[in-house]
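Structure data follow from coords_7.txt (compact mmCIF, C-alpha atoms and all ligand atoms):
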# COMPACT_ATOMS: atom_id res chain seq x y z
CA MET A 29 -14.35 -69.23 -59.64
CA ILE A 30 -10.77 -68.01 -59.82
CA ASP A 31 -8.34 -69.78 -62.16
CA VAL A 32 -4.63 -69.16 -61.57
CA TYR A 33 -2.07 -69.64 -64.33
CA SER A 34 1.22 -69.84 -62.55
CA TRP A 35 4.48 -71.50 -61.60
CA PRO A 36 6.26 -71.85 -58.22
CA THR A 37 8.55 -68.80 -58.47
CA PRO A 38 8.53 -65.70 -56.21
CA ASN A 39 6.02 -63.89 -58.43
CA GLY A 40 3.79 -66.94 -58.54
CA HIS A 41 4.08 -67.51 -54.78
CA LYS A 42 2.73 -64.03 -54.04
CA VAL A 43 -0.61 -64.90 -55.61
CA HIS A 44 -0.73 -68.44 -54.20
CA ILE A 45 -0.09 -67.06 -50.70
CA ALA A 46 -2.72 -64.31 -51.04
CA LEU A 47 -5.35 -66.82 -52.23
CA GLU A 48 -4.55 -69.13 -49.32
CA GLU A 49 -4.61 -66.26 -46.81
CA LEU A 50 -7.99 -65.15 -48.14
CA GLY A 51 -9.40 -68.68 -48.20
CA LEU A 52 -10.69 -68.18 -51.74
CA GLU A 53 -11.47 -71.21 -53.88
CA TYR A 54 -9.27 -71.49 -56.95
CA ASN A 55 -8.08 -73.86 -59.67
CA VAL A 56 -4.38 -73.82 -60.42
CA HIS A 57 -2.97 -74.39 -63.90
CA GLY A 58 0.78 -74.97 -64.14
CA ILE A 59 2.47 -72.82 -66.79
CA ASN A 60 5.86 -74.48 -67.08
CA ILE A 61 8.05 -71.53 -68.07
CA GLY A 62 11.04 -73.84 -68.61
CA GLN A 63 9.08 -75.69 -71.28
CA GLY A 64 7.72 -72.61 -73.04
CA ASP A 65 4.08 -72.80 -71.84
CA GLN A 66 4.19 -69.00 -71.39
CA PHE A 67 4.29 -68.60 -75.20
CA GLY A 68 1.05 -70.53 -75.78
CA GLU A 69 -1.67 -68.51 -77.55
CA ASP A 70 -4.27 -69.00 -74.83
CA PHE A 71 -1.87 -67.85 -72.12
CA LEU A 72 -0.65 -64.83 -74.13
CA ARG A 73 -4.26 -63.71 -74.52
CA ILE A 74 -4.46 -63.12 -70.75
CA SER A 75 -0.75 -62.40 -70.15
CA PRO A 76 0.66 -60.58 -73.20
CA ASN A 77 4.10 -60.14 -71.57
CA ASN A 78 4.55 -63.97 -71.51
CA LYS A 79 5.02 -64.04 -67.75
CA ILE A 80 3.31 -65.80 -64.89
CA PRO A 81 1.25 -65.21 -62.81
CA ALA A 82 -2.12 -64.44 -64.40
CA ILE A 83 -5.65 -65.08 -63.18
CA THR A 84 -9.16 -65.16 -64.49
CA ASP A 85 -12.18 -64.65 -62.25
CA SER A 86 -15.57 -65.69 -63.59
CA GLU A 87 -17.16 -63.35 -61.04
CA GLY A 88 -15.26 -60.13 -61.60
CA PRO A 89 -16.51 -56.56 -61.14
CA ASP A 90 -20.27 -56.31 -61.75
CA GLY A 91 -20.41 -60.12 -61.88
CA GLU A 92 -18.68 -60.18 -65.29
CA PRO A 93 -15.50 -62.24 -65.95
CA ILE A 94 -12.11 -60.54 -65.74
CA SER A 95 -8.52 -61.56 -66.46
CA LEU A 96 -5.44 -59.99 -64.91
CA PHE A 97 -1.66 -60.24 -65.33
CA GLU A 98 1.13 -58.58 -63.22
CA SER A 99 1.26 -59.92 -59.68
CA GLY A 100 0.90 -56.47 -58.08
CA ALA A 101 -2.34 -55.81 -59.96
CA ILE A 102 -3.59 -59.29 -59.01
CA LEU A 103 -2.82 -58.68 -55.31
CA ILE A 104 -4.68 -55.34 -55.37
CA TYR A 105 -7.61 -57.00 -57.15
CA LEU A 106 -7.84 -59.81 -54.58
CA ALA A 107 -7.55 -57.35 -51.68
CA GLU A 108 -10.27 -55.11 -53.11
CA LYS A 109 -12.52 -58.06 -54.00
CA THR A 110 -12.47 -59.30 -50.40
CA GLY A 111 -11.86 -56.08 -48.45
CA ARG A 112 -8.91 -57.80 -46.72
CA LEU A 113 -5.09 -57.64 -46.68
CA MET A 114 -5.19 -53.89 -47.46
CA PRO A 115 -6.29 -51.32 -44.85
CA GLN A 116 -9.46 -49.33 -45.51
CA ASP A 117 -8.01 -46.12 -44.03
CA THR A 118 -6.76 -43.94 -46.91
CA ARG A 119 -3.30 -43.13 -45.50
CA ALA A 120 -2.65 -46.73 -44.49
CA ARG A 121 -3.85 -47.87 -47.92
CA TYR A 122 -1.40 -45.58 -49.73
CA GLU A 123 1.40 -46.76 -47.43
CA THR A 124 0.57 -50.33 -48.43
CA LEU A 125 0.64 -49.37 -52.11
CA GLU A 126 4.02 -47.62 -51.60
CA TRP A 127 5.61 -50.80 -50.27
CA LEU A 128 3.87 -52.93 -52.88
CA MET A 129 5.40 -50.68 -55.57
CA PHE A 130 8.77 -50.86 -53.79
CA GLN A 131 8.60 -54.61 -54.36
CA MET A 132 7.28 -54.44 -57.92
CA GLY A 133 9.63 -51.72 -59.15
CA GLY A 134 12.77 -52.43 -57.13
CA LEU A 135 13.03 -55.45 -54.91
CA GLY A 136 11.77 -58.01 -57.45
CA PRO A 137 13.69 -56.77 -60.50
CA MET A 138 16.98 -56.25 -58.61
CA LEU A 139 16.87 -59.52 -56.67
CA GLY A 140 15.88 -61.28 -59.88
CA GLN A 141 19.00 -59.94 -61.60
CA ALA A 142 21.19 -60.83 -58.59
CA HIS A 143 19.85 -64.37 -58.80
CA HIS A 144 20.32 -64.46 -62.58
CA PHE A 145 23.94 -63.33 -62.64
CA ARG A 146 24.92 -65.39 -59.57
CA GLN A 147 23.13 -68.65 -60.56
CA TYR A 148 22.17 -68.71 -64.21
CA ALA A 149 24.69 -66.70 -66.27
CA PRO A 150 26.77 -69.06 -68.45
CA GLU A 151 29.93 -67.16 -67.50
CA SER A 152 30.83 -65.22 -64.38
CA ILE A 153 30.53 -61.47 -64.98
CA ASP A 154 31.98 -59.72 -61.93
CA TYR A 155 30.60 -56.28 -62.74
CA ALA A 156 27.01 -57.57 -62.96
CA ILE A 157 27.37 -59.83 -59.91
CA ASN A 158 28.73 -56.94 -57.81
CA ARG A 159 26.18 -54.46 -59.09
CA TYR A 160 23.15 -56.63 -58.31
CA THR A 161 24.49 -58.17 -55.09
CA ASN A 162 25.22 -54.64 -53.79
CA GLU A 163 21.76 -53.54 -54.82
CA ALA A 164 20.27 -56.60 -53.06
CA SER A 165 22.18 -55.69 -49.86
CA ARG A 166 20.99 -52.09 -50.10
CA LEU A 167 17.34 -53.15 -50.50
CA TYR A 168 17.60 -55.66 -47.63
CA GLY A 169 18.92 -52.74 -45.55
CA VAL A 170 15.95 -50.56 -46.52
CA MET A 171 13.54 -53.28 -45.34
CA ASP A 172 15.56 -53.97 -42.21
CA ARG A 173 15.46 -50.30 -41.16
CA ARG A 174 11.75 -50.08 -41.98
CA LEU A 175 11.05 -53.08 -39.74
CA ALA A 176 13.14 -51.78 -36.81
CA ASP A 177 10.11 -50.32 -35.01
CA ARG A 178 7.15 -52.18 -36.54
CA ASP A 179 5.95 -55.71 -37.22
CA TRP A 180 4.74 -55.19 -40.80
CA LEU A 181 5.96 -53.18 -43.75
CA ALA A 182 2.93 -50.93 -44.09
CA GLY A 183 -0.41 -49.86 -42.70
CA GLY A 184 0.18 -51.30 -39.23
CA GLU A 185 -1.05 -54.76 -40.27
CA TYR A 186 -0.17 -57.79 -42.41
CA THR A 187 -0.94 -56.71 -45.98
CA ILE A 188 -0.34 -57.49 -49.64
CA ALA A 189 2.91 -55.49 -49.29
CA ASP A 190 4.31 -58.15 -46.93
CA ILE A 191 2.95 -60.91 -49.16
CA ALA A 192 4.62 -59.35 -52.22
CA CYS A 193 8.05 -58.98 -50.58
CA TYR A 194 8.24 -62.23 -48.62
CA PRO A 195 8.72 -64.70 -51.52
CA TRP A 196 11.66 -62.62 -52.79
CA ILE A 197 13.45 -62.92 -49.44
CA ARG A 198 13.07 -66.73 -49.36
CA PRO A 199 15.94 -67.40 -51.82
CA HIS A 200 18.22 -64.93 -49.99
CA GLU A 201 21.26 -67.20 -50.26
CA ASN A 202 21.02 -67.17 -54.06
CA GLN A 203 21.14 -63.35 -53.90
CA GLY A 204 24.33 -63.39 -51.80
CA GLN A 205 22.52 -62.38 -48.58
CA SER A 206 22.42 -63.75 -45.03
CA LEU A 207 19.47 -62.85 -42.80
CA ASP A 208 21.87 -62.81 -39.83
CA ASP A 209 22.98 -59.42 -41.19
CA TYR A 210 19.40 -58.06 -41.06
CA LEU A 211 17.85 -59.04 -37.75
CA ASN A 212 14.64 -57.01 -38.06
CA LEU A 213 14.05 -58.48 -41.50
CA LYS A 214 14.81 -61.95 -40.14
CA ARG A 215 12.20 -61.53 -37.37
CA TRP A 216 9.58 -60.48 -39.96
CA TYR A 217 10.62 -63.33 -42.27
CA ASP A 218 10.36 -65.97 -39.53
CA VAL A 219 6.90 -64.78 -38.43
CA ILE A 220 5.56 -64.92 -42.01
CA SER A 221 7.22 -68.30 -42.65
CA ASP A 222 5.29 -69.74 -39.69
CA ARG A 223 1.88 -68.82 -41.10
CA ALA A 224 -0.04 -71.92 -42.23
CA ALA A 225 -1.48 -70.13 -45.29
CA VAL A 226 2.02 -69.11 -46.37
CA GLN A 227 3.24 -72.69 -46.09
CA ARG A 228 0.30 -73.86 -48.19
CA GLY A 229 0.95 -71.08 -50.72
CA VAL A 230 4.61 -71.91 -51.28
CA ALA A 231 3.70 -75.60 -51.67
CA VAL A 232 1.42 -74.86 -54.67
CA LEU A 233 2.92 -76.55 -57.77
CA ALA A 234 6.18 -77.12 -55.84
CA ASP A 235 6.39 -80.74 -56.98
CA ALA A 236 6.01 -79.76 -60.63
CA ARG A 237 9.18 -77.65 -60.79
CA PRO A 238 12.45 -79.41 -61.63
CA PRO A 239 15.21 -78.61 -59.08
CA GLU A 240 17.65 -77.31 -61.75
CA LEU A 241 17.30 -75.28 -64.96
CA ASP A 242 18.45 -77.49 -67.83
CA ASP A 243 19.75 -76.18 -71.18
CA ALA A 244 16.33 -76.45 -72.82
CA ALA A 245 14.79 -74.32 -70.05
CA ARG A 246 17.59 -71.74 -70.30
CA GLU A 247 16.88 -71.49 -74.02
CA GLN A 248 13.17 -70.80 -73.40
CA LEU A 249 13.86 -68.23 -70.69
CA PHE A 250 17.02 -66.48 -71.87
CA GLY A 251 17.66 -67.61 -75.46
CA ALA A 252 16.29 -67.18 -78.97
CA THR A 253 12.76 -68.43 -78.16
CA GLN A 254 12.31 -65.61 -75.65
CA TYR A 255 13.35 -62.96 -78.17
CA GLN A 256 11.79 -64.20 -81.39
CA LYS A 257 9.26 -61.86 -83.02
CA ARG A 258 5.66 -62.86 -82.34
N1 LIG B 301 6.30 -57.99 -63.03
C1 LIG B 301 5.82 -59.33 -63.27
C2 LIG B 301 7.02 -60.27 -63.36
C3 LIG B 301 6.59 -61.69 -63.63
C4 LIG B 301 7.78 -62.58 -63.96
O1 LIG B 301 8.93 -62.11 -64.09
N2 LIG B 301 7.50 -63.87 -64.13
C5 LIG B 301 8.55 -64.82 -64.50
C6 LIG B 301 8.67 -65.91 -63.45
S1 LIG B 301 9.05 -65.25 -61.85
C7 LIG B 301 8.16 -65.47 -65.82
O2 LIG B 301 7.02 -65.80 -66.02
N3 LIG B 301 9.12 -65.69 -66.72
C8 LIG B 301 8.87 -66.33 -67.97
C9 LIG B 301 9.50 -65.62 -69.13
O3 LIG B 301 10.12 -64.54 -68.92
O4 LIG B 301 9.40 -66.12 -70.24
C10 LIG B 301 4.89 -59.74 -62.14
O5 LIG B 301 5.15 -59.33 -61.00
O6 LIG B 301 3.89 -60.44 -62.38

Show me, as structure tokens, the structure contained in the file I just sent.
Ligand SMILES: N[C@@H](CCC(=O)N[C@@H](CS)C(=O)NCC(=O)O)C(=O)O
Amino acid sequence: MIDVYSWPTPNGHKVHIALEELGLEYNVHGINIGQGDQFGEDFLRISPNNKIPAITDSEGPDGEPISLFESGAILIYLAEKTGRLMPQDTRARYETLEWLMFQMGGLGPMLGQAHHFRQYAPESIDYAINRYTNEASRLYGVMDRRLADRDWLAGGEYTIADIACYPWIRPHENQGQSLDDYLNLKRWYDVISDRAAVQRGVAVLADARPPELDDAAREQLFGATQYQKR
């Protein structure tokens, strides 16, 4: 059985969507990152960077249990466990990994900072807002050009690369972006949004998350608790 330790954020959604697409059975455990659950000893044992998502699988490689953190590693694990959502052909597989790494190393971190400085910073810092909003626009442009002559980001099929990128495009307004400026990306986004498994994935834990970050949550995520020595 797979146990998922997660929260309904873009990085959490990736894993929830993949599990729903694959039709795997799983238990979900809410790790409320606004209340500091990510600093609990049991969670840190499987996710030492105090970030969701993490999973355990009682039937890992060779039938032995395994735990995994980092959403990209989890997506690769689930794809390899099932032989789905990642092409078998070697070139197509590397293409999928390229676009997965594009999300993990660029899209996620940059869009996360755009969101942070536009929505969460206690004061408006123009330099940071411009820097990350420009970077968001540039990355949206990269995806839009990539999708000009194909339906999916990589490998000629719907893969974990699409699943990794999609949840980061959902909050586009909070990143200062309009999909009307990226029509190829919009087409891709609308097709993925219509998938039943994607709708089930983004609904996982949705009711548990408060609509706004209060001061206590900001403290856990961006204040002294986050940076205390452990
Ligand atoms: N590279 C990591 C990033 C995970 C991440 O940033 N998770 C955030 C929520 S989206 C988190 O758990 N934050 C809690 C914290 O920083 O204390 C991944 O893709 O799994």

Closest pair table for chain A residues within 6 Å of ligand LIG 301 (chain B), all atoms listed in the file, as a tab-separated table:
residue	atom	partner	partner_atom	distance
A:Thr37	CA	B:LIG301	S1	4.9
A:Pro38	CA	B:LIG301	S1	5.7
A:Asn39	CA	B:LIG301	S1	4.8
A:Ile61	CA	B:LIG301	C8	5.3
A:Asn78	CA	B:LIG301	O4	5.5
A:Lys79	CA	B:LIG301	O2	3.2
A:Ile80	CA	B:LIG301	O2	3.9
A:Pro81	CA	B:LIG301	O6	5.5
A:Glu98	CA	B:LIG301	O6	3.4
A:Ser99	CA	B:LIG301	O6	3.8
A:Gly100	CA	B:LIG301	O5	5.9
A:Leu249	CA	B:LIG301	O4	5.0

Include C-alpha atoms and write out the residues we just selected as a short mmCIF file (atom, residue, chain, number, x, y, z; two decimals), keeping the file's coordinate frame.
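Result file selection-v3.cif:
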data_model
loop_
_atom_site.label_atom_id
_atom_site.label_comp_id
_atom_site.auth_asym_id
_atom_site.auth_seq_id
_atom_site.Cartn_x
_atom_site.Cartn_y
_atom_site.Cartn_z
CA THR A 37 8.55 -68.80 -58.47
CA PRO A 38 8.53 -65.70 -56.21
CA ASN A 39 6.02 -63.89 -58.43
CA ILE A 61 8.05 -71.53 -68.07
CA ASN A 78 4.55 -63.97 -71.51
CA LYS A 79 5.02 -64.04 -67.75
CA ILE A 80 3.31 -65.80 -64.89
CA PRO A 81 1.25 -65.21 -62.81
CA GLU A 98 1.13 -58.58 -63.22
CA SER A 99 1.26 -59.92 -59.68
CA GLY A 100 0.90 -56.47 -58.08
CA LEU A 249 13.86 -68.23 -70.69
#

*Would you mind listing what lies within 6 Å of Asp85 of chain A as a PyMOL selection string, with only C-alpha atoms counted and same-chain residues fewer than 3 positions away left out?*
chain A and resi 29-30+88+93-94

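Across the model, the gap from atom CA of Ala244 of chain A to atom CA of Phe145 of chain A is 18.3 Å.
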
*asked:* Given the point (-1.3, -61.4, -50.8) in the file's coordinates, find the residues that have an atom at most 10 Å from it, counting only C-alpha atoms, and give them as a ChimeraX atom specification.
replied: /A:41-50,99-100,102-107,112-114,186-194,226,229

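Of note, atom CA of His143 of chain A and atom CA of Ser165 of chain A are spaced 12.7 Å apart.
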
*Counting only C-alpha atoms, the option among A:Asp242, A:Leu125, A:Val170, A:Asp117 closest to Ala101 of chain A*: A:Leu125

_Which residue is closest to Gln63 of chain A? Choose from A:Ser221, A:Thr124, A:Thr110, A:Thr253 and count all atoms listed in the file._
A:Thr253
